[in-house]
>>> print(open('work14.cif').read())   # mmCIF, C-alpha atoms and all ligand atoms
data_target
#
loop_
_atom_site.label_atom_id
_atom_site.label_comp_id
_atom_site.auth_asym_id
_atom_site.auth_seq_id
_atom_site.Cartn_x
_atom_site.Cartn_y
_atom_site.Cartn_z
CA MET A 1 -100.40 -107.94 -12.42
CA SER A 2 -98.71 -106.51 -9.37
CA LEU A 3 -98.78 -102.75 -9.37
CA LYS A 4 -96.20 -100.36 -8.08
CA THR A 5 -98.09 -97.73 -6.13
CA VAL A 6 -97.46 -94.86 -3.74
CA GLU A 7 -98.50 -97.11 -0.86
CA ASN A 8 -95.10 -98.63 -0.12
CA PHE A 9 -92.91 -95.69 -1.03
CA ASP A 10 -91.51 -93.27 1.53
CA PHE A 11 -91.83 -89.74 0.16
CA LYS A 12 -89.95 -88.07 3.03
CA GLY A 13 -87.89 -85.24 1.56
CA LYS A 14 -89.02 -86.12 -1.98
CA ARG A 15 -90.80 -83.93 -4.50
CA ALA A 16 -93.49 -85.90 -6.34
CA LEU A 17 -94.70 -84.86 -9.77
CA ILE A 18 -98.26 -86.18 -10.01
CA ARG A 19 -100.23 -86.39 -13.26
CA VAL A 20 -103.78 -85.88 -12.08
CA ASP A 21 -106.99 -85.65 -14.08
CA PHE A 22 -108.37 -82.26 -13.03
CA ASN A 23 -110.40 -81.94 -16.22
CA VAL A 24 -113.43 -80.75 -14.26
CA PRO A 25 -116.55 -79.10 -15.67
CA LEU A 26 -116.75 -75.33 -15.15
CA ASP A 27 -119.76 -73.06 -15.59
CA LYS A 28 -119.67 -69.71 -17.42
CA GLN A 29 -118.41 -67.95 -14.29
CA PHE A 30 -115.65 -70.59 -13.96
CA ASN A 31 -117.21 -72.23 -10.92
CA ILE A 32 -116.52 -75.94 -10.66
CA THR A 33 -119.81 -77.80 -11.13
CA ASP A 34 -118.49 -81.26 -10.21
CA ASP A 35 -115.31 -81.62 -8.14
CA SER A 36 -115.23 -85.41 -7.97
CA ARG A 37 -112.06 -85.58 -10.06
CA ILE A 38 -110.24 -83.35 -7.59
CA LYS A 39 -111.58 -85.39 -4.68
CA GLY A 40 -110.42 -88.56 -6.42
CA ALA A 41 -106.80 -87.41 -6.33
CA LEU A 42 -106.78 -86.41 -2.64
CA PRO A 43 -105.76 -89.78 -1.11
CA THR A 44 -102.59 -89.90 -3.21
CA ILE A 45 -101.68 -86.27 -2.48
CA ARG A 46 -102.36 -86.72 1.24
CA LYS A 47 -100.21 -89.83 1.50
CA ILE A 48 -97.24 -88.02 -0.03
CA LEU A 49 -97.64 -84.95 2.18
CA LYS A 50 -98.09 -87.11 5.27
CA ASP A 51 -94.81 -88.88 4.54
CA GLY A 52 -93.08 -85.49 4.52
CA GLY A 53 -92.91 -84.99 0.76
CA SER A 54 -93.98 -82.11 -1.45
CA VAL A 55 -96.27 -82.28 -4.46
CA VAL A 56 -96.34 -80.78 -7.95
CA LEU A 57 -99.69 -81.35 -9.66
CA MET A 58 -100.05 -81.32 -13.44
CA SER A 59 -103.18 -81.77 -15.53
CA HIS A 60 -104.99 -80.79 -18.68
CA LEU A 61 -108.30 -78.93 -18.74
CA GLY A 62 -110.42 -79.16 -21.89
CA ARG A 63 -108.92 -78.84 -25.34
CA PRO A 64 -107.61 -75.26 -25.48
CA LEU A 65 -105.75 -75.57 -28.78
CA LYS A 66 -108.72 -77.21 -30.50
CA LYS A 67 -111.66 -75.27 -29.04
CA LEU A 68 -110.58 -71.78 -30.11
CA LYS A 69 -112.40 -68.50 -29.54
CA GLU A 70 -114.53 -67.12 -32.39
CA ASP A 71 -111.63 -64.90 -33.44
CA GLY A 72 -109.43 -67.99 -33.81
CA THR A 73 -107.26 -67.36 -30.73
CA VAL A 74 -106.72 -69.61 -27.72
CA ASP A 75 -109.03 -68.95 -24.77
CA TYR A 76 -106.39 -69.06 -22.05
CA ASN A 77 -108.68 -67.75 -19.34
CA LYS A 78 -111.42 -70.31 -19.95
CA HIS A 79 -108.95 -73.19 -19.87
CA SER A 80 -106.82 -72.01 -16.97
CA LEU A 81 -106.26 -74.27 -14.00
CA LYS A 82 -106.13 -71.15 -11.84
CA HIS A 83 -109.90 -71.62 -11.47
CA LEU A 84 -109.20 -74.81 -9.51
CA VAL A 85 -106.69 -73.45 -7.01
CA GLN A 86 -109.13 -72.37 -4.32
CA ARG A 87 -111.25 -75.53 -4.41
CA THR A 88 -108.18 -77.78 -4.37
CA SER A 89 -106.78 -75.83 -1.38
CA ASP A 90 -110.12 -76.08 0.45
CA LEU A 91 -110.51 -79.80 -0.18
CA LEU A 92 -106.93 -80.58 0.73
CA GLY A 93 -106.78 -78.23 3.70
CA VAL A 94 -103.41 -76.99 2.45
CA PRO A 95 -102.83 -73.77 0.48
CA VAL A 96 -102.04 -74.64 -3.13
CA GLN A 97 -99.53 -72.49 -5.03
CA PHE A 98 -100.03 -71.88 -8.74
CA ALA A 99 -97.51 -71.57 -11.58
CA ASP A 100 -99.06 -69.76 -14.54
CA ASP A 101 -97.05 -71.72 -17.10
CA CYS A 102 -96.08 -75.36 -16.71
CA ILE A 103 -92.48 -75.07 -17.99
CA SER A 104 -91.47 -71.44 -17.41
CA ASP A 105 -88.37 -70.53 -15.41
CA LYS A 106 -90.73 -69.23 -12.75
CA ALA A 107 -92.52 -72.58 -12.59
CA PHE A 108 -89.22 -74.40 -12.07
CA ALA A 109 -88.16 -71.86 -9.45
CA MET A 110 -91.43 -72.48 -7.62
CA SER A 111 -91.25 -76.26 -7.78
CA SER A 112 -87.64 -76.40 -6.67
CA ALA A 113 -88.41 -74.13 -3.70
CA LEU A 114 -91.19 -76.40 -2.38
CA LYS A 115 -90.79 -77.51 1.22
CA PRO A 116 -92.19 -80.72 2.71
CA GLY A 117 -95.96 -80.44 3.00
CA GLU A 118 -96.29 -77.86 0.19
CA VAL A 119 -98.27 -78.20 -3.02
CA LEU A 120 -97.87 -76.52 -6.40
CA LEU A 121 -100.36 -76.72 -9.28
CA LEU A 122 -99.02 -76.14 -12.79
CA GLU A 123 -100.96 -74.37 -15.53
CA ASN A 124 -102.79 -76.40 -18.20
CA LEU A 125 -100.39 -78.78 -19.96
CA ARG A 126 -102.40 -78.54 -23.16
CA PHE A 127 -101.45 -74.89 -23.66
CA TYR A 128 -98.45 -76.55 -25.30
CA LYS A 129 -99.07 -78.59 -28.47
CA GLU A 130 -96.10 -80.71 -27.38
CA GLU A 131 -98.24 -82.29 -24.65
CA GLU A 132 -100.62 -84.18 -26.93
CA LYS A 133 -97.82 -84.85 -29.42
CA GLY A 134 -95.91 -86.71 -26.72
CA ASP A 135 -92.89 -84.51 -27.36
CA ALA A 136 -89.79 -85.89 -25.65
CA ALA A 137 -88.10 -82.53 -24.96
CA PHE A 138 -91.28 -81.18 -23.36
CA ALA A 139 -91.67 -84.36 -21.28
CA GLU A 140 -88.07 -84.12 -20.15
CA LYS A 141 -88.67 -80.54 -19.01
CA LEU A 142 -91.75 -81.62 -17.06
CA SER A 143 -89.72 -84.35 -15.40
CA LYS A 144 -87.52 -81.66 -13.80
CA HIS A 145 -90.44 -80.76 -11.54
CA GLY A 146 -90.15 -83.90 -9.44
CA ASP A 147 -87.80 -86.61 -8.13
CA VAL A 148 -90.61 -89.12 -8.35
CA TYR A 149 -93.33 -89.47 -11.01
CA VAL A 150 -96.80 -90.59 -9.98
CA ASN A 151 -99.57 -91.21 -12.49
CA ASP A 152 -103.04 -90.92 -10.98
CA ALA A 153 -104.90 -90.00 -14.19
CA PHE A 154 -106.43 -93.22 -15.47
CA GLY A 155 -108.80 -91.26 -17.74
CA THR A 156 -105.88 -90.26 -19.97
CA ALA A 157 -103.90 -93.51 -19.71
CA HIS A 158 -104.86 -94.47 -23.26
CA ARG A 159 -103.03 -91.46 -24.66
CA ALA A 160 -99.26 -91.43 -25.19
CA HIS A 161 -99.04 -87.78 -24.22
CA ALA A 162 -95.95 -86.15 -22.74
CA SER A 163 -97.31 -85.98 -19.17
CA THR A 164 -99.13 -89.34 -19.17
CA THR A 165 -96.52 -91.57 -20.76
CA ILE A 166 -93.34 -90.06 -22.20
CA VAL A 167 -92.34 -88.29 -18.97
CA ALA A 168 -91.97 -91.71 -17.31
CA ASN A 169 -88.92 -92.35 -19.51
CA TYR A 170 -87.01 -89.83 -17.43
CA TYR A 171 -87.40 -91.72 -14.15
CA THR A 172 -85.80 -94.88 -12.89
CA GLU A 173 -88.07 -97.83 -12.27
CA ALA A 174 -87.99 -97.20 -8.53
CA ASN A 175 -89.08 -93.59 -8.98
CA LYS A 176 -92.27 -93.98 -11.03
CA MET A 177 -95.50 -95.45 -9.80
CA PHE A 178 -99.31 -95.36 -9.80
CA GLY A 179 -101.43 -93.23 -7.51
CA TYR A 180 -104.25 -94.86 -5.53
CA LEU A 181 -106.99 -93.88 -7.97
CA MET A 182 -105.26 -95.26 -11.02
CA ALA A 183 -104.20 -98.43 -9.22
CA ASP A 184 -107.81 -98.98 -8.18
CA GLU A 185 -109.04 -98.66 -11.75
CA VAL A 186 -106.45 -101.10 -13.04
CA ARG A 187 -107.03 -103.63 -10.24
CA ASN A 188 -110.79 -103.61 -10.70
CA ALA A 189 -110.59 -103.86 -14.47
CA ASP A 190 -108.13 -106.74 -14.12
CA LYS A 191 -110.49 -108.52 -11.77
CA VAL A 192 -112.97 -108.63 -14.63
CA LEU A 193 -110.58 -109.19 -17.50
CA ARG A 194 -108.04 -111.56 -16.00
CA SER A 195 -109.53 -113.30 -13.01
CA ALA A 196 -113.29 -113.21 -13.46
CA GLU A 197 -115.15 -115.71 -11.35
CA LYS A 198 -117.62 -117.55 -13.61
CA PRO A 199 -120.33 -117.16 -14.75
CA PHE A 200 -119.07 -113.88 -16.20
CA THR A 201 -121.71 -111.72 -17.89
CA ALA A 202 -121.01 -108.64 -19.97
CA ILE A 203 -123.87 -106.23 -20.57
CA LEU A 204 -123.29 -103.98 -23.54
CA GLY A 205 -125.55 -101.21 -24.72
CA GLY A 206 -125.42 -97.74 -26.14
CA ALA A 207 -125.91 -96.35 -29.57
CA LYS A 208 -123.50 -97.98 -31.96
CA VAL A 209 -122.15 -101.46 -32.65
CA SER A 210 -119.13 -99.87 -34.28
CA ASP A 211 -118.03 -98.40 -30.94
CA LYS A 212 -118.26 -101.77 -29.20
CA ILE A 213 -116.97 -104.27 -31.77
CA LEU A 214 -113.52 -104.61 -30.27
CA ILE A 215 -114.94 -105.04 -26.77
CA ILE A 216 -117.36 -107.71 -27.91
CA GLU A 217 -114.56 -109.55 -29.72
CA ASN A 218 -112.28 -109.41 -26.70
CA LEU A 219 -115.07 -110.55 -24.37
CA LEU A 220 -115.98 -113.50 -26.60
CA ASP A 221 -112.82 -115.13 -25.23
CA ARG A 222 -113.66 -114.38 -21.63
CA ALA A 223 -117.38 -114.05 -20.91
CA ASN A 224 -120.02 -116.77 -20.55
CA ASN A 225 -122.87 -114.42 -21.47
CA ILE A 226 -123.01 -111.25 -23.52
CA LEU A 227 -126.25 -109.29 -23.24
CA ILE A 228 -126.76 -106.71 -25.96
CA GLY A 229 -129.21 -103.86 -25.51
CA GLY A 230 -129.55 -100.24 -26.60
CA GLY A 231 -129.58 -98.96 -30.15
CA MET A 232 -126.87 -101.39 -31.23
CA ALA A 233 -129.20 -104.39 -30.79
CA TYR A 234 -131.20 -103.45 -33.90
CA THR A 235 -128.24 -103.90 -36.23
CA PHE A 236 -128.14 -107.52 -35.00
CA PHE A 237 -131.90 -107.98 -35.54
CA LYS A 238 -131.74 -106.55 -39.04
CA ALA A 239 -128.73 -108.73 -39.86
CA MET A 240 -130.82 -111.79 -38.94
CA GLY A 241 -133.64 -110.68 -41.26
CA GLY A 242 -135.80 -108.90 -38.68
CA LYS A 243 -137.96 -105.84 -39.35
CA ILE A 244 -136.70 -102.94 -37.27
CA GLY A 245 -138.72 -99.99 -38.64
CA ASN A 246 -136.84 -96.74 -38.11
CA SER A 247 -134.66 -98.04 -35.29
CA LEU A 248 -131.02 -97.09 -35.15
CA VAL A 249 -129.00 -99.28 -37.53
CA GLU A 250 -125.52 -99.41 -39.01
CA ASP A 251 -126.04 -100.99 -42.41
CA ASP A 252 -122.32 -101.39 -42.98
CA LYS A 253 -122.08 -103.57 -39.86
CA LEU A 254 -124.72 -106.18 -40.73
CA GLU A 255 -122.18 -108.72 -41.92
CA LEU A 256 -120.06 -108.13 -38.84
CA ALA A 257 -123.07 -108.63 -36.58
CA LEU A 258 -123.65 -112.05 -38.14
CA GLN A 259 -119.99 -112.93 -37.69
CA LEU A 260 -120.15 -111.98 -34.01
CA ILE A 261 -123.23 -114.18 -33.54
CA GLU A 262 -121.44 -117.06 -35.24
CA LYS A 263 -118.25 -116.58 -33.25
CA ALA A 264 -120.26 -116.58 -30.02
CA GLN A 265 -121.82 -119.91 -31.03
CA GLN A 266 -118.44 -121.41 -31.87
CA LYS A 267 -116.99 -120.32 -28.56
CA GLY A 268 -119.99 -121.42 -26.53
CA VAL A 269 -120.79 -117.90 -25.40
CA GLN A 270 -124.48 -117.10 -24.92
CA LEU A 271 -125.14 -113.89 -26.87
CA LEU A 272 -128.56 -112.61 -25.87
CA LEU A 273 -130.55 -109.93 -27.68
CA PRO A 274 -133.61 -108.14 -26.22
CA ILE A 275 -136.60 -110.12 -27.38
CA ASP A 276 -138.99 -107.16 -27.10
CA SER A 277 -138.71 -103.38 -27.23
CA ILE A 278 -140.50 -100.24 -26.20
CA ILE A 279 -141.09 -98.56 -29.54
CA ALA A 280 -141.90 -94.94 -30.31
CA ASP A 281 -143.29 -93.08 -33.31
CA LYS A 282 -140.57 -90.45 -33.05
CA PHE A 283 -137.33 -89.79 -31.18
CA ASP A 284 -138.97 -87.56 -28.63
CA ALA A 285 -139.76 -87.53 -24.92
CA ALA A 286 -143.44 -86.98 -25.82
CA ALA A 287 -143.64 -89.68 -28.51
CA ASN A 288 -146.45 -92.26 -28.64
CA THR A 289 -145.18 -95.59 -27.40
CA ALA A 290 -146.05 -99.28 -27.66
CA THR A 291 -144.41 -102.66 -27.02
CA SER A 292 -143.24 -104.84 -29.91
CA ASP A 293 -141.14 -107.89 -30.65
CA SER A 294 -137.74 -106.45 -31.48
CA ASN A 295 -137.70 -108.16 -34.89
CA HIS A 296 -141.21 -107.02 -35.93
CA ILE A 297 -141.12 -103.29 -35.44
CA PRO A 298 -143.65 -101.53 -37.72
CA ASP A 299 -142.51 -99.02 -40.32
CA GLY A 300 -142.31 -95.51 -38.91
CA TRP A 301 -141.59 -96.77 -35.37
CA MET A 302 -138.27 -97.18 -33.61
CA GLY A 303 -137.03 -99.22 -30.66
CA LEU A 304 -135.89 -96.91 -27.87
CA ASP A 305 -135.76 -99.25 -24.87
CA ILE A 306 -135.83 -102.93 -23.99
CA ALA A 307 -139.26 -104.16 -22.81
CA ASN A 308 -140.52 -106.55 -20.09
CA ASN A 309 -139.62 -109.94 -21.57
CA ALA A 310 -136.13 -108.76 -22.41
CA ILE A 311 -135.76 -107.27 -18.93
CA TYR A 312 -136.80 -110.63 -17.48
CA ASP A 313 -134.38 -112.63 -19.67
CA PHE A 314 -131.47 -110.31 -18.98
CA SER A 315 -132.18 -110.10 -15.25
CA GLN A 316 -132.23 -113.91 -14.90
CA VAL A 317 -128.78 -114.15 -16.45
CA ILE A 318 -127.45 -111.25 -14.39
CA LEU A 319 -128.75 -112.69 -11.12
CA ASN A 320 -126.96 -115.97 -11.82
CA SER A 321 -123.63 -114.30 -12.52
CA LYS A 322 -120.56 -114.03 -10.33
CA THR A 323 -118.84 -111.34 -12.38
CA ILE A 324 -120.63 -108.56 -14.24
CA LEU A 325 -119.30 -105.90 -16.56
CA TRP A 326 -121.72 -103.24 -17.73
CA ASN A 327 -121.06 -100.70 -20.41
CA GLY A 328 -123.74 -98.70 -22.20
CA PRO A 329 -127.43 -98.03 -21.47
CA MET A 330 -130.24 -100.34 -22.59
CA GLY A 331 -132.27 -97.50 -24.08
CA VAL A 332 -132.60 -93.75 -24.33
CA PHE A 333 -132.54 -93.49 -20.55
CA GLU A 334 -132.20 -89.71 -20.67
CA MET A 335 -135.96 -89.61 -21.48
CA ASP A 336 -138.27 -90.90 -18.74
CA LYS A 337 -140.40 -92.93 -21.15
CA PHE A 338 -137.37 -94.95 -22.24
CA GLN A 339 -135.45 -95.35 -18.98
CA GLN A 340 -137.23 -98.42 -17.64
CA GLY A 341 -134.93 -101.02 -19.22
CA THR A 342 -131.73 -99.35 -18.08
CA LYS A 343 -133.15 -98.86 -14.59
CA ALA A 344 -134.25 -102.50 -14.30
CA ILE A 345 -130.86 -103.74 -15.47
CA ALA A 346 -129.12 -101.42 -12.99
CA GLU A 347 -131.32 -102.91 -10.26
CA ALA A 348 -130.52 -106.45 -11.37
CA VAL A 349 -126.81 -105.66 -11.27
CA ALA A 350 -127.24 -104.18 -7.78
CA ASN A 351 -129.15 -107.29 -6.62
CA ALA A 352 -126.57 -109.65 -8.04
CA THR A 353 -123.88 -107.64 -6.26
CA GLN A 354 -125.76 -107.97 -3.00
CA LYS A 355 -125.81 -111.74 -3.58
CA GLY A 356 -122.01 -111.72 -3.85
CA ALA A 357 -121.21 -110.99 -7.49
CA PHE A 358 -118.43 -108.58 -8.43
CA SER A 359 -119.84 -105.85 -10.68
CA LEU A 360 -118.02 -103.16 -12.58
CA VAL A 361 -119.81 -100.35 -14.38
CA GLY A 362 -117.59 -98.51 -16.81
CA GLY A 363 -117.83 -96.12 -19.71
CA GLY A 364 -119.70 -92.81 -19.90
CA ASP A 365 -123.43 -93.34 -20.11
CA SER A 366 -123.90 -96.43 -17.97
CA VAL A 367 -121.98 -94.61 -15.24
CA ALA A 368 -124.38 -91.67 -15.64
CA ALA A 369 -127.27 -94.17 -15.47
CA VAL A 370 -126.23 -95.78 -12.16
CA HIS A 371 -125.87 -92.31 -10.70
CA LYS A 372 -129.27 -91.28 -12.07
CA PHE A 373 -130.92 -94.28 -10.40
CA ASN A 374 -128.94 -93.83 -7.16
CA LEU A 375 -127.37 -97.25 -7.46
CA ALA A 376 -123.70 -96.24 -7.72
CA ASP A 377 -122.97 -97.45 -4.18
CA LYS A 378 -124.80 -100.75 -4.78
CA VAL A 379 -122.39 -101.99 -7.44
CA SER A 380 -118.85 -103.11 -6.67
CA TYR A 381 -116.99 -100.50 -8.70
CA VAL A 382 -117.87 -97.54 -10.88
CA SER A 383 -115.02 -96.65 -13.18
CA THR A 384 -114.21 -93.02 -13.88
CA GLY A 385 -112.03 -94.13 -16.77
CA GLY A 386 -114.34 -93.47 -19.75
CA GLY A 387 -112.43 -93.98 -22.99
CA ALA A 388 -109.40 -95.42 -21.20
CA MET A 389 -111.54 -98.13 -19.58
CA LEU A 390 -113.13 -98.98 -22.91
CA GLU A 391 -109.74 -99.41 -24.55
CA TYR A 392 -108.61 -101.55 -21.63
CA PHE A 393 -111.63 -103.80 -22.16
CA GLU A 394 -110.83 -103.95 -25.85
CA GLY A 395 -107.67 -105.73 -24.72
CA LYS A 396 -105.33 -102.89 -25.63
CA GLU A 397 -102.21 -102.15 -23.68
CA LEU A 398 -102.60 -98.58 -22.40
CA PRO A 399 -99.45 -96.50 -22.92
CA GLY A 400 -99.83 -94.76 -19.54
CA ILE A 401 -99.83 -98.11 -17.76
CA LYS A 402 -97.05 -99.62 -19.82
CA ALA A 403 -94.83 -96.59 -19.17
CA ILE A 404 -94.88 -97.32 -15.46
CA MET A 405 -94.67 -101.09 -15.71
CA SER A 406 -91.63 -101.11 -18.01
CA PRO A 407 -88.07 -100.17 -17.15
CA ALA A 408 -86.89 -96.69 -18.13
CA GLN A 409 -85.83 -96.44 -21.76
CA PRO A 410 -82.55 -94.79 -22.65
CA LYS A 411 -82.89 -91.05 -22.72
CA ALA A 412 -83.12 -89.51 -26.21
P1 LIG E 1 -122.85 -94.93 -26.10
O1 LIG E 1 -122.14 -93.62 -25.92
O2 LIG E 1 -122.52 -95.63 -27.39
O3 LIG E 1 -122.75 -95.81 -24.90
O4 LIG E 1 -124.38 -94.57 -26.31
C1 LIG E 1 -125.13 -93.95 -25.32
C2 LIG E 1 -126.33 -93.33 -25.97
O5 LIG E 1 -127.06 -94.31 -26.66
C3 LIG E 1 -127.27 -92.73 -24.98
O6 LIG E 1 -127.29 -91.33 -25.14
C4 LIG E 1 -128.61 -93.34 -25.31
O7 LIG E 1 -129.65 -92.40 -25.35
C5 LIG E 1 -128.39 -93.89 -26.69
N1 LIG E 1 -129.29 -95.03 -26.98
C6 LIG E 1 -129.49 -96.11 -26.22
N2 LIG E 1 -130.43 -96.91 -26.76
C7 LIG E 1 -130.82 -96.31 -27.90
C8 LIG E 1 -131.78 -96.64 -28.91
N3 LIG E 1 -132.49 -97.76 -28.82
N4 LIG E 1 -131.92 -95.79 -29.93
C9 LIG E 1 -131.20 -94.66 -30.00
N5 LIG E 1 -130.29 -94.29 -29.09
C10 LIG E 1 -130.10 -95.11 -28.05
#
>>> encode(input="work14.cif", output="structure tokens", more="lines below")
Ligand code: AMP
Amino acid sequence: MSLKTVENFDFKGKRALIRVDFNVPLDKQFNITDDSRIKGALPTIRKILKDGGSVVLMSHLGRPLKKLKEDGTVDYNKHSLKHLVQRTSDLLGVPVQFADDCISDKAFAMSSALKPGEVLLLENLRFYKEEEKGDAAFAEKLSKHGDVYVNDAFGTAHRAHASTTIVANYYTEANKMFGYLMADEVRNADKVLRSAEKPFTAILGGAKVSDKILIIENLLDRANNILIGGGMAYTFFKAMGGKIGNSLVEDDKLELALQLIEKAQQKGVQLLLPIDSIIADKFDAAANTATSDSNHIPDGWMGLDIANNAIYDFSQVILNSKTILWNGPMGVFEMDKFQQGTKAIAEAVANATQKGAFSLVGGGDSVAAVHKFNLADKVSYVSTGGGAMLEYFEGKELPGIKAIMSPAQPKA
């Protein structure tokens, strides 16, 4: 898929409306505790300014209309993007102006007065319910902030919100495109999904099978090996008649687990489960632990990590792979006693990458795991996409991507 990006567009004299993902964590004093999302958007902003364009930034922050104050009112201060102005200015090296409402007359006056090289940040889009509803009139208003629309917020690309998708309808094909960050996410995901060099191994973990069913099904048509770890493995063991003690299980997914095993056999995909587990007598960092076959876990005990034989099996497959996708931890890696499996798999992925494999780590907790074990720069790509990346791997067409790929629809 060839992507239209900011790279080959000349922004001289243009005003670009960029949908960024500035949904950063703030502490109680509204200090930014992790600014990587702001840093991620800088290359796109800089390119536009360097060309001689101006920039209007729009984003959401939290869920202001859903997370209300105790008295039932909206906490405008807590969710204000004004807390990001200083840091964005400092990182960019350009003073950032702020409009305290994203569609007020004042906001439009400010955006239309921007000169080349200037940057304006709009207040939280989600102060308007129309944003998440994908309201066309709201999107059309937003579109008045820029001659060109740039989407650099991959993390919200799976939502057909006004600023992520609908707004694109108000731009011609030539005037809407991806920012660098979003293009990178799509290119890397496509490398795995559409042009994976074989053998292609998917490593799936985490708590629940139900969250990963669609990914497993989609990967059954693409991967050579699917390695299943984490809490979800025990639903498979129970489905095959194993004893799993008190391990995590989804009893309504037993039948489905058997179907997935059968489908894998039919399609010639090797679906590997962790042969042994680190078991614990309670879900606690200070629990007693032992090693057990994963299908003979005693009553009262639960599997909380994969053990040595499973680590060996999985690592062998990983080291022989040319493409690796990893989503979900192998155990309760947040507790030191149960982090060994996830750490060993992260190391195997790093080693395979060093040997020339392409590796993509995507989706919340496995991303946290590679950071925890300081291996983020030893894999080929760490996605920041979260839910959007998961839906992409489920084979879904993301509305935020489609909106840029397809020609403008007639205005309502
Ligand atoms: P997910 O969001 O589905 O990727 O799940 C991530 C969570 O699964 C992490 O918080 C892990 O602690 C948890 N997890 C992984 N393995 C297990 C397990 N064997 N039992 C219970 N929870 C687990």
>>> closest_residue(input="work14.cif", among="A:Gln265, A:Gln316, A:Thr235, A:Ser89", to="ligand LIG 1 (chain E)", atoms="all atoms listed in the file")
A:Thr235
>>> atom_distance(input="work14.cif", atom1="CA of Glu391 (chain A)", atom2="CA of Met405 (chain A)")
17.6 Å
>>> residues_near_ligand(input="work14.cif", ligand="ligand LIG 1 (chain E)", cutoff="8 Å", atoms="all atoms listed in the file", output="ChimeraX atom specification")
/A:205-209,211-212,229-234,247-248,283,302-306,327-335,363-366
>>> closest_residue(input="work14.cif", among="A:Ile261, A:Val192, A:Ala344, A:Val361", to="Leu204 (chain A)", atoms="only C-alpha atoms")
A:Val361
>>> atom_distance(input="work14.cif", atom1="CA of Val119 (chain A)", atom2="CA of Ser2 (chain A)")
29.0 Å
